[in-house]
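Colleague: Could you have a look at this structure, given as structure tokens, before my questions?
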Amino acid sequence: MQPLQNAGYDRAITVFSPDGRLFQVEYAREAVKRGTTSIGIKCSEGIVLAVDKRTTSSLVEATSIEKIFKIDEHIGAATSGLVADARALVERARVESQVNKITYSEPIRVDSLSKKLCDMLQMYTQNGGVRPFGSALIIGGVYDGVCRLFETDPSGALIEYKATAIGSGRSAAMDIFEEKYENDMSLDNAINLALQAINEATEHETTAKNVEIAVIKCDDEKYTKLSQDEVQAYIDEVISEDESEE
Amino acid sequence: MQPLQNAGYDRAITVFSPDGRLFQVEYAREAVKRGTTSIGIKCSEGIVLAVDKRTTSSLVEATSIEKIFKIDEHIGAATSGLVADARALVERARVESQVNKITYSEPIRVDSLSKKLCDMLQMYTQNGGVRPFGSALIIGGVYDGVCRLFETDPSGALIEYKATAIGSGRSAAMDIFEEKYENDMSLDNAINLALQAINEATEHETTAKNVEIAVIKCDDEKYTKLSQDEVQAYIDEVISEDESEE
Amino acid sequence: MQPLQNAGYDRAITVFSPDGRLFQVEYAREAVKRGTTSIGIKCSEGIVLAVDKRTTSSLVEATSIEKIFKIDEHIGAATSGLVADARALVERARVESQVNKITYSEPIRVDSLSKKLCDMLQMYTQNGGVRPFGSALIIGGVYDGVCRLFETDPSGALIEYKATAIGSGRSAAMDIFEEKYENDMSLDNAINLALQAINEATEHETTAKNVEIAVIKCDDEKYTKLSQDEVQAYIDEVISEDESEE
Amino acid sequence: MQPLQNAGYDRAITVFSPDGRLFQVEYAREAVKRGTTSIGIKCSEGIVLAVDKRTTSSLVEATSIEKIFKIDEHIGAATSGLVADARALVERARVESQVNKITYSEPIRVDSLSKKLCDMLQMYTQNGGVRPFGSALIIGGVYDGVCRLFETDPSGALIEYKATAIGSGRSAAMDIFEEKYENDMSLDNAINLALQAINEATEHETTAKNVEIAVIKCDDEKYTKLSQDEVQAYIDEVISEDESEE
Amino acid sequence: MQPLQNAGYDRAITVFSPDGRLFQVEYAREAVKRGTTSIGIKCSEGIVLAVDKRTTSSLVEATSIEKIFKIDEHIGAATSGLVADARALVERARVESQVNKITYSEPIRVDSLSKKLCDMLQMYTQNGGVRPFGSALIIGGVYDGVCRLFETDPSGALIEYKATAIGSGRSAAMDIFEEKYENDMSLDNAINLALQAINEATEHETTAKNVEIAVIKCDDEKYTKLSQDEVQAYIDEVISEDESEE
Amino acid sequence: MQPLQNAGYDRAITVFSPDGRLFQVEYAREAVKRGTTSIGIKCSEGIVLAVDKRTTSSLVEATSIEKIFKIDEHIGAATSGLVADARALVERARVESQVNKITYSEPIRVDSLSKKLCDMLQMYTQNGGVRPFGSALIIGGVYDGVCRLFETDPSGALIEYKATAIGSGRSAAMDIFEEKYENDMSLDNAINLALQAINEATEHETTAKNVEIAVIKCDDEKYTKLSQDEVQAYIDEVISEDESEE
Amino acid sequence: MQPLQNAGYDRAITVFSPDGRLFQVEYAREAVKRGTTSIGIKCSEGIVLAVDKRTTSSLVEATSIEKIFKIDEHIGAATSGLVADARALVERARVESQVNKITYSEPIRVDSLSKKLCDMLQMYTQNGGVRPFGSALIIGGVYDGVCRLFETDPSGALIEYKATAIGSGRSAAMDIFEEKYENDMSLDNAINLALQAINEATEHETTAKNVEIAVIKCDDEKYTKLSQDEVQAYIDEVISEDESEE
């Protein structure tokens with residue numbers, strides 16, 4: 001990125017550069033890349049969302065570091081980037097879910113919700129007077145027994161993944177997924193894989209206290225956060241195994 | 001493109017340069033040129049739309065890479081450029097189609113829909129506070145037994161083609177069309193030609209998994225996506241034949 | 001045109017330069033000058049509109065290159081400049097015509113329509129947040145048996161002509177008109193003159209396929225497009241004669 | 001006018017320069033100075049308006065070069081500067097006249113109309129988002145038997161004259177008025193004086209075809225355009241006499 | 001005033017410079033300083049307003065050079081600076097007077113009116129999208145037998161004077177007032193003093209034709225303009241006396 | 001203050017500089033520092049407000065130099081900075097007082113009024129399209145027998161003082177207060193102290209004519225301006241004593 | 001922070017820099033860092049809020065230096081940064097609390113209130129025409145017997161702490177908390193810890209007069225300010241002990 005050469009095209013909102021890029025959108029993506037690592041994995045039994053929530057101070061209440069959010073009974077989201085932007089997006093997602101429930105008397109589809117959010121994100125890249133959102137979301141959920149896992153980005157682009165990661169550890173996590181992901185993984189294996197990836201992305205600093213995991217199972221279609229003890233159990237299994245591997 | 005010499009005329013939205021050009025529109029076209037290749041062919045039996053949907057990662061759900069969209073029963077669109085902009089345009093096209101159906105109790109004409117979209121695109125190049133759309137669309141459909149194939153561009157210009165291509169492989173694909181296109185091709189031949197063009201545009205990396213094809217036949221006027229097996233059958237025919245040719 | 005010396009006065013919309021010029025309007029005129037050649041001739045028997053519609057590719061459906069438009073039963077327009085801007089203007093002209101018909105139960109006068117369009121064009125040069133239109137129109141029509149032929153420009157100026165041309169070939173065409181135009185020409189002669197002018201403006205590349213001609217006759221007051229065969233007949237006469245002249 | 005020294009103060013709309021000048025207004029005046037010459041004379045018998053309407057091409061319908069406008073039965077205006085701006089002002093003047101007639105059941109006073117127009121002109125110099133009008137008007141009329149002759153300028157200033165001129169020939173015309181104008185001139189003499197002034201301003205190129213004259217007489221209070229023959233008669237008298245004088 | 005050193009602080013509307021000045025307001029004051037001289041004097045018998053209305057051309061109807069305005073029966077104003085801005089302010093003052101009369105069934109107080117105007121002037125220095133008014137007003141009037149004389153400036157500041165002057169001759173006139181003004185002057189003496197001041201300010205070019213005087217007497221509380229003959233009488237007395245003094 | 005180094009951060013309204021400062025607000029404070037000196041003292045018996053109202057010309061009606069304002073029966077304000085801004089603030093304060101009286105049938109509290117004004121001042125520093133107010137107010141009043149003395153600044157900050165000063169003489173006056181102020185002063189002593197401070201701030205130029213004093217006593221809760229004679233009496237006491245001291 | 005290198009990205013509101021930062025938000029954080037130190041501690045028995053309210057002048061009424069605010073019966077806030085911005089935020093918080101009480105007939109939850117404020121803060125970083133708030137808040141309260149302690153920042157980020165500090169002394173205070181904070185502290189110990197931290201942050205200048213402490217106890221859920229005597233008692237204990245420690 002060369003600020004001096006691009007001077008002029010990247011300052012105004014929603015303006016193209018000579019090579020057809022929207023710099024403000026690319027810079028917003030940088031805000032996501034600077035964020036903590038968040039992970040989503042889709043497996044045969046459901047969706048796993050996992051986030052790194054390390055804090056710099058022991059005085060912080062770890063519960064207030066919200067990076068995984070329940071959107072609706074059957075949908076969750078893991079976020080990265082500017083935390084206030086992420087919270088605003090999550091708030092919007094919750095409203096959309098409720099509106100859908102009230103209007104159609106049934107829960108919102110995971111893909112419908114994701115598209116609605118991305119439509120809004122796109123508008124923030126095309127209209128003046130606002131800036132793009134500096135956050136990405138991994139949206140996972142189950143609808144009619146089918147698991148879906150989407151990733152949004154500041155441009156409003158929407159991609160469905162089997163397993164994905166956002167934030168500063170994306171590259172490390174994706175390498176692990178490329179190597180070890182299997183379509184027919186059990187939920188337990190998926191959680192283990194998520195922990196391995198987070199551990200790698202955080203340079204082996206992952207503990208039960210600074211990771212948070214939520215799952216949405218195919219059968220009950222319910223968003224559930226794992227307790228710290230449950231996380232600990234998985235960590236004991238994964239990290240030690242992982243360490244011994246090395 | 002020389003940013004230093006044009007300094008000043010290309011930054012503000014909707015402002016002319018001394019030689020009568022709208023730089024923001026030209027830069028939006030660059031966004032299209034950087035996109036993946038999408039193709040449309042009109043033949044005696046119908047319309048063929050084909051897109052390159054290669055992904056960089058095996059973790060991506062290929063189905064989520066949407067570049068061909070069903071607009072209405074009888075109309076489809078292939079897109080290139082900024083994906084979120086394209087989705088916003090497609091969404092608009094679908095709304096226009098439904099509004100027409102409700103208002104006049106009949107499906108929208110392919111040319112009417114294309115013009116409506118281009119009217120909107122033009123407004124995004126003339127009014128302040130917005131940027132032009134960074135996407136092009138190939139809109140194909142059948143109305144009253146007549147096939148039509150249009151290409152929109154960020155300026156709002158609209159051209160009807162016998163065969164056309166947008167995105168980074170446009171030049172390679174158009175060369176093939178200029179050489180091999182025939183007005184009275186059968187649908188099978190048109191699909192074969194589309195695959196050849198995509199294959200050329202993607203530097204021979206086309207497989208049944210990373211190409212998507214939709215057809216709208218003159219007789220039933222229905223948009224239909226080809227299954228991966230159907231695509232494979234055509235590829236077997238085209239690519240091998242193509243390779244043997246060289 | 002010296003961008004460096006004018007720096008500052010020509011960037012903002014609707015701002016005067018020290019010598020009292022509106023640069024944005026002048027630059028919009030450049031967009032017209034870069035366009036294809038369009039021609040209008042008024043003769044004793046009616047109006048002739050003719051346009052150059054050469055395309056760079058044989059894959060383009062020539063019918064989609066619209067440069068002559070029917071505005072109402074008795075009025076047509078030939079355009080040059082940015083095609084999307086021209087289409088937006090034509091759309092507006094059609095609406096004005098219909099509004100007039102509904103309000104007053106009679107067709108709109110050719111001069112009233114032209115003035116209404118120019119009033120709108122002027123507003124686009126005086127108010128902030130928009131840019132001038134980058135298109136010119138030659139509007140021809142018959143009302144109460146009287147032929148009228150107007151030319152609009154991006155500033156909103158309106159001039160009535162006996163014969164005029166817009167676009168890149170304006171100069172070549174006007175030279176021919178100055179030399180050969182006669183007030184009491186027959187319609188046949190006017191069409192021949194139009195073809196000579198287009199042929200000159202396109203450097204002798206005019207064929208029946210890449211020129212389009214529309215006439216509005218004084219007696220029936222109906223806009224009619226000439227078929228390709230009819231155009232061919234005139235071309236045979238004009239071009240051969242023209243060649244033999246040289 | 002030194003653009004380099006004034007850099008910054010003259011670009012933004014409605015901003016003062018350090019010496020208390022509004023550059024945009026002064027630049028708009030330049031647009032008037034670049035316009036064709038228009039003249040107004042008040043005499044004991046009525047008002048004379050005269051304009052130079054030479055065209056560069058014989059193909060232009062001279063009648064479409066409108067520089068004298070009938071505002072109401074008893075009021076006319078001669079314009080100079082940007083023609084589309086002038087037409088917009090005239091349109092406004094006509095609306096004000098009609099509104100007055102409907103509201104008060106009597107024609108508008110000449111001074112009331114002029115002030116209303118100038119109020120609008122002033123607002124275009126003080127509010128953001130618009131530019132000043134690049135046209136001046138000479139408004140002449142008769143109300144209750146009294147002749148009035150006003151000149152508006154882009155700042156919204158309003159001055160009443162016995163005889164005045166706007167446009168590129170203002171200086172030449174005013175010299176003639178200063179020398180030859182008499183308060184108790186007859187209408188014939190006033191027309192002769194107007195023609196002398198126009199002839200001088202156009203460097204002796206005035207003919208009956210390229211000048212247009214309108215009069216509003218004190219007795220009938222009606223705006224009347226002179227026919228080309230009537231103009232010719234005056235010209236024969238004035239120009240020959242004028243030539244012989246030299 | 002050093003434009004180069006202040007660059008940046010003085011361009012945007014309503015922005016402070018580092019030393020706490022509002023340049024746009026100061027530049028508007030320059031517009032007043034470039035204006036013609038206007039004078040107001042308060043004496044025991046009433047208010048005198050006097051203005052210099054010299055014109056550069058004998059063709060101008062002197063009556064149209066309005067610099068003294070009747071605001072209401074009992075209030076007048078003398079103006080300097082941009083004439084169109086002054087007229088807009090006067091128009092506003094008249095409306096405020098009428099509104100007061102209708103609302104409270106009594107004439108507006110001189111100080112109330114002046115404050116209302118200054119409130120508006122202040123808003124034009126604080127809100128974006130407008131520029132300050134480039135005019136100053138001397139407002140004089142009588143209410144309940146008490147004479148008041150106010151001066152407004154572009155900032156919205158309001159000062160009451162015994163005698164004051166605005167425009168290019170302010171300094172010369174104020175010197176005369178400082179020397180010769182007496183609280184218990186008669187109206188005649190006040191008029192004489194006003195003429196002396198105007199004469200000094202115009203470098204002894206004052207004649208009955210190019211000066212205008214209005215008085216509001218304490219007893220009848222009526223705004224009255226002096227006829228040219230009345231002015232001449234005073235001039236004969238003052239100027240000759242003045243000349244003989246020197 | 002170094003304009004060259006801060007270039008860019010201090011021009012736009014409501015924008016932070018890299019070190020977290022709002023330059024526009026700081027520059028507005030400079031406008032206050034350039035103003036005349038105003039003083040407020042709270043003592044056991046009430047509030048004293050005093051202002052320097054020297055004028056440069058004897059022609060100014062000293063009564064029109066308003067720097068102390070009665071806001072309500074029980075509240076007064078002394079101002080410094082831009083006079084028109086101050087008047088606008090005072091006007092607002094009066095409206096708030098009346099609204100409170102009408103709504104709650106009792107006078108407004110001194111602190112409530114001060115906070116309401118500061119809320120408005122803050123909004124003028126955070127929203128675009130306006131500039132901060134260039135004035136400070138010392139608001140003094142008595143409510144329920146309790147004296148309060150507040151100072152507002154352009155940022156909207158609000159501080160309660162025992163004794164304070166604003167304007168160019170603030171520093172000199174505050175030194176005197178720090179040295180001589182006592183909590184249990186009588187009103188007479190407070191007035192004497194105020195005069196000493198003003199005298200110091202004006203470099204010993206204070207006379208009964210160019211100082212204005214208002215008091216609000218604890219017992220009657222009424223705002224009262226001192227007559228010039230009363231002021232003279234205090235001055236005789238203070239200044240002579242003061243002189244003899246030196 | 002290097003203003004020269006970042007020039008351009010940090011001036012416009014709500015625009016990203018190439019590395020994904022929002023400079024205006026970071027500069028607003030600088031405003032907080034320049035503020036006085038404010039502290040919040042959560043202990044088993046309740047919440048302690050403490051602020052440094054030293055003033056530079058003895059003439060200031062210390063009570064008017066408001067840095068701790070009661071938001072509702074059960075919630076308080078300690079602020080740092082721009083004081084007018086902080087007051088505006090507190091005002092908003094109070095309104096939200098009342099609205100909640102009226103709408104749901106029960107007090108607002110501490111976390112709900114904090115999130116509502118942060119939603120507003122985020123909007124001030126994403127929409128044009130406003131600047132971010134230059135203040136941070138420590139919000140503490142008790143709801144249903146549970147203590148909560150939140151910190152907001154200008155970006156709208158929200159973190160829950162056991163103990164935290166904002167303003168210029170944050171670093172010094174946090175060091176003390178990291179060393180000495182215990183989850184099961186009594187309220188007395190928490191107050192002592194707060195005083196130690198403030199004392200450290202103010203470089204041992206803390207006295208009962210320039211510190212302010214408020215507590216919300218778990219059992220009665222009431223916001224209570226400590227009297228100066230109470231504060232003195234704690235100080236005697238802490239500071240002396242603290243001094244003797246050193």
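Convention: chains lettered A, B, ... in structure tokens order; per-chain residue numbering from 1; ligands numbered from 1 as shown.
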Can you work out which residues from chain G touch chain F at a cut-off of 7 Å (counting only C-alpha atoms) and hand them back as number ranges by chain?

Modeller: G: 1, 3, 11, 24, 27-31, 59-61, 64-65, 83-85, 88, 129-131

Colleague: Just the selected residues (N, CA, C and O atoms), exported as a CSV table (one decimal), in the first residue's frame, please.

Modeller:
chain,number,residue,atom,x,y,z
G,1,MET,N,2.7,10.0,17.0
G,1,MET,CA,1.7,10.5,16.0
G,1,MET,C,2.5,11.5,15.1
G,1,MET,O,3.0,12.5,15.6
G,3,PRO,N,1.8,14.0,12.2
G,3,PRO,CA,0.8,14.7,11.3
G,3,PRO,C,1.3,14.8,9.9
G,3,PRO,O,0.5,14.7,9.0
G,11,ARG,N,-8.1,14.2,8.1
G,11,ARG,CA,-8.8,15.4,8.2
G,11,ARG,C,-10.3,15.2,8.0
G,11,ARG,O,-11.1,15.8,8.8
G,24,GLN,N,-9.7,10.3,13.2
G,24,GLN,CA,-10.6,11.2,14.1
G,24,GLN,C,-10.9,10.5,15.4
G,24,GLN,O,-10.9,11.2,16.4
G,27,TYR,N,-7.7,10.6,17.5
G,27,TYR,CA,-7.5,11.9,18.0
G,27,TYR,C,-8.4,12.2,19.2
G,27,TYR,O,-8.1,12.9,20.1
G,28,ALA,N,-9.6,11.8,19.0
G,28,ALA,CA,-10.6,12.0,20.1
G,28,ALA,C,-10.1,11.3,21.4
G,28,ALA,O,-10.3,11.8,22.5
G,29,ARG,N,-9.5,10.1,21.2
G,29,ARG,CA,-8.9,9.4,22.3
G,29,ARG,C,-7.8,10.2,23.0
G,29,ARG,O,-7.6,10.2,24.2
G,30,GLU,N,-7.1,11.0,22.2
G,30,GLU,CA,-6.0,11.8,22.7
G,30,GLU,C,-6.6,12.9,23.6
G,30,GLU,O,-6.1,13.3,24.6
G,31,ALA,N,-7.8,13.4,23.2
G,31,ALA,CA,-8.5,14.4,24.1
G,31,ALA,C,-8.8,13.7,25.5
G,31,ALA,O,-8.7,14.4,26.5
G,59,LEU,N,-10.3,30.6,43.2
G,59,LEU,CA,-11.6,31.3,43.0
G,59,LEU,C,-12.7,30.5,42.4
G,59,LEU,O,-13.9,30.8,42.3
G,60,VAL,N,-12.3,29.3,41.9
G,60,VAL,CA,-13.2,28.4,41.3
G,60,VAL,C,-14.0,27.7,42.4
G,60,VAL,O,-13.4,27.3,43.4
G,61,GLU,N,-15.3,27.6,42.3
G,61,GLU,CA,-16.2,26.8,43.2
G,61,GLU,C,-15.9,25.4,42.9
G,61,GLU,O,-16.3,24.9,41.8
G,64,SER,N,-18.4,23.0,41.3
G,64,SER,CA,-18.9,23.2,39.9
G,64,SER,C,-18.0,22.3,38.9
G,64,SER,O,-18.3,22.2,37.7
G,65,ILE,N,-16.9,21.8,39.5
G,65,ILE,CA,-16.1,20.9,38.6
G,65,ILE,C,-16.7,19.5,38.7
G,65,ILE,O,-16.4,18.7,39.5
G,83,VAL,N,-14.9,18.5,28.7
G,83,VAL,CA,-16.0,18.5,29.8
G,83,VAL,C,-17.4,18.7,29.2
G,83,VAL,O,-18.3,18.1,29.7
G,84,ALA,N,-17.5,19.5,28.1
G,84,ALA,CA,-18.8,19.8,27.6
G,84,ALA,C,-19.3,18.5,26.8
G,84,ALA,O,-20.5,18.2,26.9
G,85,ASP,N,-18.4,17.8,26.2
G,85,ASP,CA,-18.8,16.5,25.5
G,85,ASP,C,-19.3,15.5,26.6
G,85,ASP,O,-20.3,14.8,26.4
G,88,ALA,N,-22.7,16.3,27.8
G,88,ALA,CA,-23.7,16.0,26.8
G,88,ALA,C,-24.0,14.5,26.8
G,88,ALA,O,-25.2,14.0,26.7
G,129,GLY,N,-20.7,15.0,8.9
G,129,GLY,CA,-21.3,16.2,9.5
G,129,GLY,C,-21.2,16.3,11.0
G,129,GLY,O,-21.7,17.2,11.6
G,130,VAL,N,-20.6,15.3,11.7
G,130,VAL,CA,-20.4,15.4,13.1
G,130,VAL,C,-19.0,14.9,13.4
G,130,VAL,O,-18.3,14.3,12.5
G,131,ARG,N,-18.5,15.1,14.6
G,131,ARG,CA,-17.2,14.6,15.0
G,131,ARG,C,-17.5,13.6,16.2
G,131,ARG,O,-18.5,13.7,16.8

Colleague: DSSP on the backbone, strand (DSSP E or B) only: what residues of chain E does that give? Format it as a ChimeraX atom specification.

Modeller: /E:16,22,38-43,46-52,60,68-72,75-81,127,130,135-143,146-152,158-161,163-166,211-217,223-225

Colleague: What does the distance between CA of Ser227 in chain G and CA of Asp188 in chain G come to in Å, to one decimal place?

Modeller: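 We find that CA of Ser227 in chain G and CA of Asp188 in chain G lie 14.7 Å from each other.
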
Colleague: So that I can check the surroundings of Ala136 in chain C, please list as a list in words every protein, DNA and RNA residue that reaches within 6 Å of it, counting only C-alpha atoms and ignoring chain neighbours fewer than 2 positions away.

Modeller: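 Listed by chain and then number, they are Thr79, Ser80, Thr152 and Asp153 of chain C.
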
Colleague: How about saving the chosen residues, all heavy atoms kept, as a PDB file, in the first residue's frame?

Modeller:
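This went into part.pdb:
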ATOM      1  N   THR C  79     -29.184  11.960 -31.733  1.00  0.00           N
ATOM      2  CA  THR C  79     -28.364  12.322 -30.585  1.00  0.00           C
ATOM      3  C   THR C  79     -26.889  12.122 -30.856  1.00  0.00           C
ATOM      4  O   THR C  79     -26.499  11.366 -31.742  1.00  0.00           O
ATOM      5  CB  THR C  79     -28.728  11.451 -29.372  1.00  0.00           C
ATOM      6  OG1 THR C  79     -28.393  10.097 -29.674  1.00  0.00           O
ATOM      7  CG2 THR C  79     -30.201  11.538 -29.049  1.00  0.00           C
ATOM      8  N   SER C  80     -26.064  12.794 -30.038  1.00  0.00           N
ATOM      9  CA  SER C  80     -24.627  12.532 -30.047  1.00  0.00           C
ATOM     10  C   SER C  80     -24.076  12.820 -28.653  1.00  0.00           C
ATOM     11  O   SER C  80     -24.674  13.560 -27.879  1.00  0.00           O
ATOM     12  CB  SER C  80     -23.913  13.391 -31.093  1.00  0.00           C
ATOM     13  OG  SER C  80     -22.571  12.968 -31.219  1.00  0.00           O
ATOM     14  N   THR C 152     -30.208  21.234 -29.361  1.00  0.00           N
ATOM     15  CA  THR C 152     -29.945  21.616 -27.970  1.00  0.00           C
ATOM     16  C   THR C 152     -28.469  21.399 -27.690  1.00  0.00           C
ATOM     17  O   THR C 152     -27.828  20.595 -28.343  1.00  0.00           O
ATOM     18  CB  THR C 152     -30.728  20.734 -26.977  1.00  0.00           C
ATOM     19  OG1 THR C 152     -30.127  19.435 -26.948  1.00  0.00           O
ATOM     20  CG2 THR C 152     -32.177  20.612 -27.373  1.00  0.00           C
ATOM     21  N   ASP C 153     -27.911  22.141 -26.722  1.00  0.00           N
ATOM     22  CA  ASP C 153     -26.535  21.840 -26.318  1.00  0.00           C
ATOM     23  C   ASP C 153     -26.482  21.753 -24.793  1.00  0.00           C
ATOM     24  O   ASP C 153     -27.447  22.113 -24.115  1.00  0.00           O
ATOM     25  CB  ASP C 153     -25.546  22.833 -26.944  1.00  0.00           C
ATOM     26  CG  ASP C 153     -25.138  23.951 -26.029  1.00  0.00           C
ATOM     27  OD1 ASP C 153     -25.953  24.346 -25.181  1.00  0.00           O
ATOM     28  OD2 ASP C 153     -24.006  24.432 -26.161  1.00  0.00           O
TER      29      ASP C 153
END

Colleague: Can you list, as a VMD selection string, every protein, DNA or RNA residue that comes within 8 Å of Val142 in chain A when you count only C-alpha atoms, leaving out same-chain residues fewer than 6 positions away?

Modeller: chain A and resid 46 to 47 74 to 75 110 148 216 to 218 221

Colleague: Could you name the residues that touch range 52-58 of chain B at 6 Å or less, counting only C-alpha atoms, but leaving out those on the same chain fewer than 5 positions away, as an MDAnalysis selection string?

Modeller: chainID B and resid 37 210:211

Colleague: For the residues selected in the previous step, produce a file with N, CA, C and O atoms as a PDB file, in the first residue's frame.

Modeller:
ATOM      1  N   THR B  37     -14.255 -13.485 -15.793  1.00  0.00           N
ATOM      2  CA  THR B  37     -14.866 -13.459 -17.121  1.00  0.00           C
ATOM      3  C   THR B  37     -16.286 -14.025 -17.093  1.00  0.00           C
ATOM      4  O   THR B  37     -16.521 -15.087 -16.519  1.00  0.00           O
ATOM      5  N   ASN B 210     -15.537 -25.269 -11.847  1.00  0.00           N
ATOM      6  CA  ASN B 210     -15.354 -23.821 -11.742  1.00  0.00           C
ATOM      7  C   ASN B 210     -15.964 -23.027 -12.896  1.00  0.00           C
ATOM      8  O   ASN B 210     -15.589 -21.892 -13.140  1.00  0.00           O
ATOM      9  N   VAL B 211     -16.901 -23.645 -13.575  1.00  0.00           N
ATOM     10  CA  VAL B 211     -17.651 -22.890 -14.576  1.00  0.00           C
ATOM     11  C   VAL B 211     -19.125 -23.112 -14.283  1.00  0.00           C
ATOM     12  O   VAL B 211     -19.509 -24.152 -13.719  1.00  0.00           O
TER      13      VAL B 211
END

Colleague: Run DSSP on the backbone and give me the residues of chain E it puts in helix (DSSP H, G or I), as number ranges by chain.

Modeller: E: 3-6, 23-33, 62-64, 83-104, 110-126, 170-180, 187-201, 228-245

Colleague: Which polymer residues have any atom within 12 Å of an atom of Val51 in chain C, counting only C-alpha atoms, with same-chain residues fewer than 5 positions away left out, as an MDAnalysis selection string?

Modeller: chainID C and resid 35:41 65:69 77:80 137:138 164:170 173 191 194:199 201:202 206:214 225 231

Colleague: Using only C-alpha atoms, which of the listed residues (E:Leu82, E:Val25, E:Leu226, E:Leu113) sits closest to Asn100 in chain E?

Modeller: E:Leu113

Colleague: Could you check how far CA of Lys42 in chain C sits from CA of Gly81 in chain D, in Å to one decimal?

Modeller: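 Separation of CA of Lys42 in chain C and CA of Gly81 in chain D: 28.7 Å.
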
Colleague: Could you tell me how far CA of Asp219 in chain A sits from CA of Ser44 in chain A, in Å to one decimal place?

Modeller: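 Distance reported for this atom pair: 10.5 Å.
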